[in-house]
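Engineer: The structure follows.
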Amino acid sequence: MRRYVHPWFLAVAALNLGTLSTRAVDMFRDQVEPILRQRCYECHSHAGKIKGGLTLDSPSGWQKGGESGPALVPGALDQSRLIKAVRYATPDLEMPPKAKLPASEIAILEQWVTAGAPDPREAAIMAEKKGVDIEAGRKHWAYQPVRETAPPPVRDKAWPLNEVDAFLLAKLESVSLQPGAAAEAHTWLRRVTFDLTGLPPTEAEIAAFIAAPSQQAHERVVDRLLNSKAYGERWARHWLDLVGYAEQIGTEGKIFAEHAWRYRDYLLKSFNEDKPFDRFIREQIAGDLLPAASPHERRENLIATGFIVLGDVDINSIDKLKMEYDFVDSQVSKVGTAFLGMTLGCVRCHDHKFDAIGQQDYYGIAGMFRSTKTTFRTNLGIWSNVCRVPLPELPEDRAAASEHQKRLANWHQEKDKVTEELKPLEAALKDKAHTESPEAKKHREELSTLIKTLEAKIAHAEYFDPGKPQALAVADVAEPADMRLTIRGNPYALGDTMPRGLVRVAMWAPQPQIPAKQSGRLQLADWIADVRHPLTARVAVNRVWQKLFGEGLVRSVDYFGIRGEKPTHPELLDYLAHRFMKEGWSQKKLIRLLALSRAYRMTSSAGENAHASESDPENRLLWHMNRQRLDAESIRDAMLAASGRLTAPAGGPGLPLEFPENVSGLPLKPKSNHPQFAIKTERPSHNYERTLYLPVVRTGTQLGSARLRDVFDFPQPAQITGKRNETTVPTQSLYLLNADLIRQRAADLAGDLLATTKDSAPSRIARLWLRVLNRPVTEVEQADAIAFLKDTSPSTPAKAAWTELARALFGTNEFLLRY
C-alpha cells in the first residue's frame, strides 16, 4: 500500500543540509513544530524536562536521541522510535503517556519522517548564536533591566480592584475579550485557603464568610491565612521542591540525613516571619559568611546553607573526584534554576546552545562551590558524607540536654536493675534439675523483652543527642581556588583555568573582586540579591503567580532563556517585580495583592464565552481562573482536617532511626530480634501530622501514609521542580478506591459525625459536605445521600454506611480539584 506524502515534504526531501526552502520552513513551523511543542516539549525540551535524556526542541536532540538512541531515522518510519511511540505500537513505548495523539497529527509526523525529517531549527539557532555573544544575548527580554511600569487605562473602570486587574483587563480589552464572572463565595474561600495554607476552610469559617462576603471580609480572610502557621508550612513545601530535599543522602546507600529537618524548619520560620527574599537568598548561598548579631542569628545563617548540600549526591561512589564534580554541578544547576530561571547544568560540557552563557560563566560559579566544603570522607570503607557544622549552643539546648541525660540515666538504671533481676532466673536454667514454672517462664521472657526495649531506647537516645546541635551546612575550604574547565564534563580531562566569577550576560558592572581565603559565594549571593539583577525578582514573582493562578506569567517557570516561554503580560511582570523589591522583597505583601485582585476571584468555568474559548483556548490572557488539582500533600492533609484527626507536629527528624538501612551505618549493631529495631515505616504520630513532616526518601516507594505522594505526582527528590506535573492515570482512582488511608480517614470522619447524637441525618449530611467539599449541600445531593443511607442493608452498622458515603466524597473531582 502506497502512503500519501504531502507535496511540500517531497519538495524538501532531496535538499542538502541547511538549504531548506521557504515553503519547507513555513510548513514545518505551521504543522510539525506545533505538535512537538504542544505534545512533547513539556517532558523533552530544554525549557521543560529532559526525560530519558531526549530533547525534541532541536534537530540535534532527536538525532542524538536519549537513553534508547536516536528518536528518528529520516525516511524510515518503522525504525523511528518516535513514530512507534505515537502509534502506541508497543505497550512499553506510548507517547504522550496521557493519551494517544489524534490520527491527523500522527499522519503529519509520519509524512515528515518519510520525507527525511527536514528541520530548519538548527539553522535558526546558529543564526541566533555563533559562539557566546554577550552583547547580543543581553537583548533578550529577560536580561533587560526591570522597568517601573504604570497600570494602563481601561474602559471598564468598575472591574479592577487593584493594579493587577488593570494590566489584565487592558490586555483582554485590546483583543475584545471580557473577563469571566466571579466565583461563588465558598469557591473563593476554598481556593484561597488551599492556596495559602494547603488546608481546607473549617465549617465555622465557611459559614461566617458566605454570610457576608464583603471586601473587608475578603481582606480579613487573607490576612488571617497569611498570619497562620499553616501558611509557612505550605510555602516551605513549595521551596523544598526547588532544593531536592529528602531525609536520605544519596540514592544508593539510603543514609539517614538526621539533621535535614533543621533546614525544613528554617524555611517554615522564614516564610511565617516574611523574611525579605533578598536576605533569604544571601542566607542560603552564603549564610556562613554573613555577620551575625546573636547566637540565634548565627545558627539560622548556618542552617540556611543546607540549601547547598541537601541534594542528590552519590556518597558511596568509588570515584570521589567524579562525585565531587557531580555534586558541584548539581549546586550550580540548583542556584541557576531556583533563583535565576537559568539552565546552567548543560554548560558543564559546552557553551549553552541557546543562551549567551559560556563555560567561563559555568566554571566561574562552579569554582565557588568547589572552594566550599560540602562532603567529607568517612572511616567506613568507601563512604563519604555531607558536612555537618556545629551550631551555637542556646539556653534551650542546655536545658534539653540536661533533661535528655536524666532520661538516659534512668533507662540505664532501669536496665541494670532488670538485668540483675534476670540473672538468677537465667542461671537457674543451667541447672538440669530445675523445673521452670509457666509463671516464672513468662516473667523471665518479659524481663528479657524489657531489656531489649531499653537497649533500643538507649541506642536511639544516644544517637539523637540534643546536647550536640548540628546542621547539614557548609564552610569555605582553607585554600579557595579557581577551577579548571573539564573536557565534556570529564574531571580527568582538564582544560584552561576559569576565574571565579558571575554570569556575564546578566551583569551590569565588572566582575567583583573575591577576597583571599573566600570562595566567592558571598559575592554570588550579593549579585543575585541585588535590585539591579534582571532575573531574580522576575523569577520570584512569577513563581508566586504560578502557585496562585496555575500558570506563570512566564509559563516555563524554571527557564527564562531564549527557548523558554515569553511573558504573556511583560508589563505586569515588571510591575510586580519592581513593586516586590520596593516593598522590601515581602512575599506576604505580594501574595496579599494577588489574592485580593478581581482576577483571583474569577470563576474557573469557561461558561458560555465561546468567543474567548476560541480566541484563547489556553487561557493565556487569563479571562477565567485556571482549575488545578490539589497536590498530594493537600489531598492527604485535607482528609486529616475533614476527619478531625489533624494534629500538631512533634518536630524533629521525619525518618525514624529504625529505618533498616540507617541502622547498618551506625557503630552500634543492634540484634535482629530487638523489637525496637523492627522495620518501621514512620512514627505513630506521623499518621496525623501534616504531610510536610513525613519522611521523604530518595529511592523506592515513599513510606507509610506518605505513599499517597507517589500516586499524585510528588516530585522525585533528585530533581529541581518549579511546577509539578498533574497527571490523570488509573492508579489514582484505584488508590482512592482501595487505599487503607482513605478508608481510615473516612471512618474517622463518619465516627466524628455520629458522635453528636442530637444531629439528624440531614444535619450530618450538611456537615459532611462542608467538611469535604467545603460548600453547602444542595437539595438534590441531600436527597441522594439520604436515599443511599436508607438503601444500605439493615444489618449494616450506621458507621459503615456513613464511612462509605464519606469515602465516595473523598474520591470526587470536586474534592480533588481546586476550582
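Chain labels run A, B, ... following the order of the C-alpha cells; each chain numbers its residues from 1, and ligands are numbered from 1 in the order shown.
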Need to verify the contact set: Glu173 (chain A), 9 Å, only C-alpha atoms, exclusion of same-chain residues closer than 6 positions in sequence. Can you return it as a PDB file with N, CA, C and O atoms, in the first residue's frame?

Structural biologist:
```pdb
ATOM      1  N   VAL A 154      -8.110  51.532  31.333  1.00  0.00           N
ATOM      2  CA  VAL A 154      -9.066  50.520  30.874  1.00  0.00           C
ATOM      3  C   VAL A 154     -10.413  51.195  30.636  1.00  0.00           C
ATOM      4  O   VAL A 154     -10.718  52.244  31.208  1.00  0.00           O
ATOM      5  N   ARG A 155     -11.229  50.549  29.799  1.00  0.00           N
ATOM      6  CA  ARG A 155     -12.553  51.103  29.511  1.00  0.00           C
ATOM      7  C   ARG A 155     -13.523  50.796  30.642  1.00  0.00           C
ATOM      8  O   ARG A 155     -14.299  51.649  31.064  1.00  0.00           O
ATOM      9  N   ASP A 156     -13.481  49.563  31.159  1.00  0.00           N
ATOM     10  CA  ASP A 156     -14.379  49.173  32.243  1.00  0.00           C
ATOM     11  C   ASP A 156     -13.711  49.504  33.584  1.00  0.00           C
ATOM     12  O   ASP A 156     -13.049  48.669  34.198  1.00  0.00           O
TER      13      ASP A 156
END
```

Engineer: Tell me, as a PyMOL selection string, which residues lie within 12 Å of region 412-417 of chain A, counting only C-alpha atoms; anything in the same chain fewer than 5 positions away does not count.

Structural biologist: chain A and resi 405-407+422-423+447-459+461-462

Engineer: From the list A:Leu77, A:Leu753, A:Leu736, A:Pro145, which residue is nearest Gly116 (chain A) when using only C-alpha atoms?

Structural biologist: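 Of all the options, A:Leu77 lies closest to Gly116 (chain A).
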
Engineer: Give me every alpha helix (DSSP H) residue in region 570-648 of chain A, going by DSSP on the backbone, as a ChimeraX atom specification.

Structural biologist: /A:570-582,587-595,598-601,610-615,632-643

Engineer: Which residues are close to Tyr575 (chain A), i.e. within 6 Å by only C-alpha atoms, leaving aside same-chain residues fewer than 2 positions away? Reply as a PDB file with N, CA and C atoms, in the first residue's frame.

Structural biologist:
```
ATOM      1  N   GLU A 148      10.017  50.106  35.808  1.00  0.00           N
ATOM      2  CA  GLU A 148       8.908  50.553  36.651  1.00  0.00           C
ATOM      3  C   GLU A 148       7.751  50.941  35.734  1.00  0.00           C
ATOM      4  N   THR A 149       6.740  50.095  35.667  1.00  0.00           N
ATOM      5  CA  THR A 149       5.620  50.321  34.750  1.00  0.00           C
ATOM      6  C   THR A 149       4.396  50.793  35.522  1.00  0.00           C
ATOM      7  N   LEU A 572       3.062  43.688  33.289  1.00  0.00           N
ATOM      8  CA  LEU A 572       2.599  43.268  34.612  1.00  0.00           C
ATOM      9  C   LEU A 572       3.721  42.560  35.370  1.00  0.00           C
ATOM     10  N   LEU A 573       4.476  41.718  34.680  1.00  0.00           N
ATOM     11  CA  LEU A 573       5.588  41.023  35.317  1.00  0.00           C
ATOM     12  C   LEU A 573       6.587  42.030  35.892  1.00  0.00           C
ATOM     13  N   ALA A 577       7.528  42.733  39.799  1.00  0.00           N
ATOM     14  CA  ALA A 577       8.917  42.573  40.221  1.00  0.00           C
ATOM     15  C   ALA A 577       9.435  43.853  40.875  1.00  0.00           C
ATOM     16  N   HIS A 578       9.132  44.993  40.252  1.00  0.00           N
ATOM     17  CA  HIS A 578       9.591  46.269  40.805  1.00  0.00           C
ATOM     18  C   HIS A 578       8.922  46.546  42.159  1.00  0.00           C
TER      19      HIS A 578
END
```

Engineer: Mind giving me the straight-line distance from CA of Leu169 (chain A) to CA of Arg592 (chain A) in Å, one decimal?

Structural biologist: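 Pair CA of Leu169 (chain A) / CA of Arg592 (chain A) returns 19.3 Å.
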
Engineer: Name all residues at most 9 Å from Gly584 (chain A) (count only C-alpha atoms; drop same-chain ones fewer than 5 positions away) and give them as a list in words.

Structural biologist: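 So, after excluding close chain neighbours, the residues are Pro276, Phe277, Asp278 and Arg579 of chain A.
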
Engineer: Write the selection just made, keeping N, CA and C atoms, as a short mmCIF file (atom, residue, chain, number, x, y, z; two decimals), in the first residue's frame?

Structural biologist:
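Okay, out28.cif is ready:
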```
data_model
loop_
_atom_site.label_atom_id
_atom_site.label_comp_id
_atom_site.auth_asym_id
_atom_site.auth_seq_id
_atom_site.Cartn_x
_atom_site.Cartn_y
_atom_site.Cartn_z
N PRO A 276 12.63 38.99 54.27
CA PRO A 276 12.85 39.58 52.94
C PRO A 276 13.56 38.61 52.01
N PHE A 277 13.08 38.51 50.79
CA PHE A 277 13.59 37.49 49.88
C PHE A 277 15.06 37.71 49.56
N ASP A 278 15.53 38.96 49.54
CA ASP A 278 16.96 39.17 49.27
C ASP A 278 17.81 38.63 50.41
N ARG A 579 7.64 46.29 42.24
CA ARG A 579 6.91 46.51 43.50
C ARG A 579 7.40 45.56 44.58
#
```

Engineer: With a distance cut-off of 10 Å and only C-alpha atoms, select the neighbouring residues of region 130-142 of chain A, excluding the residue or stretch itself and same-chain residues fewer than 5 positions from it, and output the selection as a list of chain:residue names.

Structural biologist: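 The contact residues come out as A:Ile125, A:Leu340, A:Gly341, A:Asp351, A:His352, A:Lys353, A:Phe354, A:Asp355, A:Ala356, A:Ile357, A:Gly358, A:Gln359, A:Val503, A:Arg504, A:Val505, A:Ala506, A:Met507, A:Pro534, A:Leu535, A:Arg538, A:Val539, A:Phe560, A:Gly561, A:Ile562, A:Lys566, A:Pro567, A:Pro570.
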
Engineer: Go ahead and compute the interatomic distance for CA of Pro510 (chain A) and CA of Glu571 (chain A), in Å to one decimal.

Structural biologist: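 A separation of 28.5 Å between them.
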
Engineer: One decimal, Å: what's the distance from CA of Leu576 (chain A) over to CA of Ser597 (chain A), could you say?

Structural biologist: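 These atoms are spaced 13.0 Å apart.
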
Engineer: Between A:Glu300, A:Glu446, A:Asp92, A:Asp288, which residue has the minimum interatomic distance to Asp265 (chain A), considering only C-alpha atoms?

Structural biologist: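 Selected residue with least distance to Asp265 (chain A): A:Glu300.
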
Engineer: Could you check the closest approach to Asn301 (chain A) for each of A:His350, A:Arg279, A:Lys64, A:His404 and tell me which residue wins, using only C-alpha atoms?

Structural biologist: A:Arg279

Engineer: Between A:Arg645, A:His611, A:Lys229, A:His460, which residue has the minimum interatomic distance to Ser685 (chain A), considering only C-alpha atoms?

Structural biologist: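 Closest candidate: A:Arg645.
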
Engineer: I'd like to know which residues of region 7-206 of chain A are strand (DSSP E or B) (by DSSP, run on the backbone); could you write them as a list in words?

Structural biologist: His44, Ile50, Gly66, Gly69, Thr90, Leu93 and Ala182 of chain A

Engineer: May I have the residues from that selection written out with N, CA, C and O atoms, as a JSON list (two decimals), in the first residue's frame?

Structural biologist:
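Once everything was written out, this is part.json:
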```json
[["chain", "number", "residue", "atom", "x", "y", "z"],
["A", 44, "HIS", "N", 10.33, 16.81, 27.03],
["A", 44, "HIS", "CA", 11.50, 16.58, 26.19],
["A", 44, "HIS", "C", 12.00, 17.86, 25.54],
["A", 44, "HIS", "O", 12.05, 17.98, 24.32],
["A", 50, "ILE", "N", 13.90, 16.89, 30.67],
["A", 50, "ILE", "CA", 14.63, 16.12, 29.66],
["A", 50, "ILE", "C", 14.54, 14.66, 30.08],
["A", 50, "ILE", "O", 15.52, 14.05, 30.52],
["A", 66, "GLY", "N", 17.95, 9.87, 23.11],
["A", 66, "GLY", "CA", 18.12, 9.76, 24.55],
["A", 66, "GLY", "C", 18.79, 8.47, 24.93],
["A", 66, "GLY", "O", 19.68, 7.97, 24.23],
["A", 69, "GLY", "N", 18.72, 5.74, 22.27],
["A", 69, "GLY", "CA", 19.23, 6.01, 20.93],
["A", 69, "GLY", "C", 18.43, 7.06, 20.20],
["A", 69, "GLY", "O", 17.53, 7.69, 20.76],
["A", 90, "THR", "N", 3.68, -0.48, 20.84],
["A", 90, "THR", "CA", 4.02, -1.44, 21.89],
["A", 90, "THR", "C", 3.61, -0.84, 23.23],
["A", 90, "THR", "O", 3.75, 0.35, 23.46],
["A", 93, "LEU", "N", 6.02, 1.53, 25.11],
["A", 93, "LEU", "CA", 6.50, 2.72, 24.42],
["A", 93, "LEU", "C", 5.29, 3.46, 23.85],
["A", 93, "LEU", "O", 4.94, 3.30, 22.69],
["A", 182, "ALA", "N", -17.55, 36.28, 38.54],
["A", 182, "ALA", "CA", -16.95, 36.00, 39.84],
["A", 182, "ALA", "C", -17.35, 34.60, 40.31],
["A", 182, "ALA", "O", -18.46, 34.13, 40.06]]
```

Engineer: Select, from A:Arg37, A:Arg555, A:Arg724, A:Lys588, the residue with the minimum atom-to-atom distance to Phe271 (chain A), counting only C-alpha atoms.

Structural biologist: A:Lys588

Engineer: For Ala217 (chain A), which residue out of A:Leu268, A:Leu240, A:Ala185, A:Met27 is the nearest one, using only C-alpha atoms?

Structural biologist: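 That would be A:Ala185, the residue with the smallest distance to Ala217 (chain A).
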
Engineer: With only C-alpha atoms as the counted atoms, please give the residues lying no more than 7 Å from Ile303 (chain A), apart from itself and same-chain residues fewer than 2 positions off, as a list of chain:residue names.

Structural biologist: A:Arg262, A:Tyr263, A:Arg299, A:Glu300, A:Asn301, A:Thr305, A:Gly306, A:Ala471, A:Leu472, A:Ala473
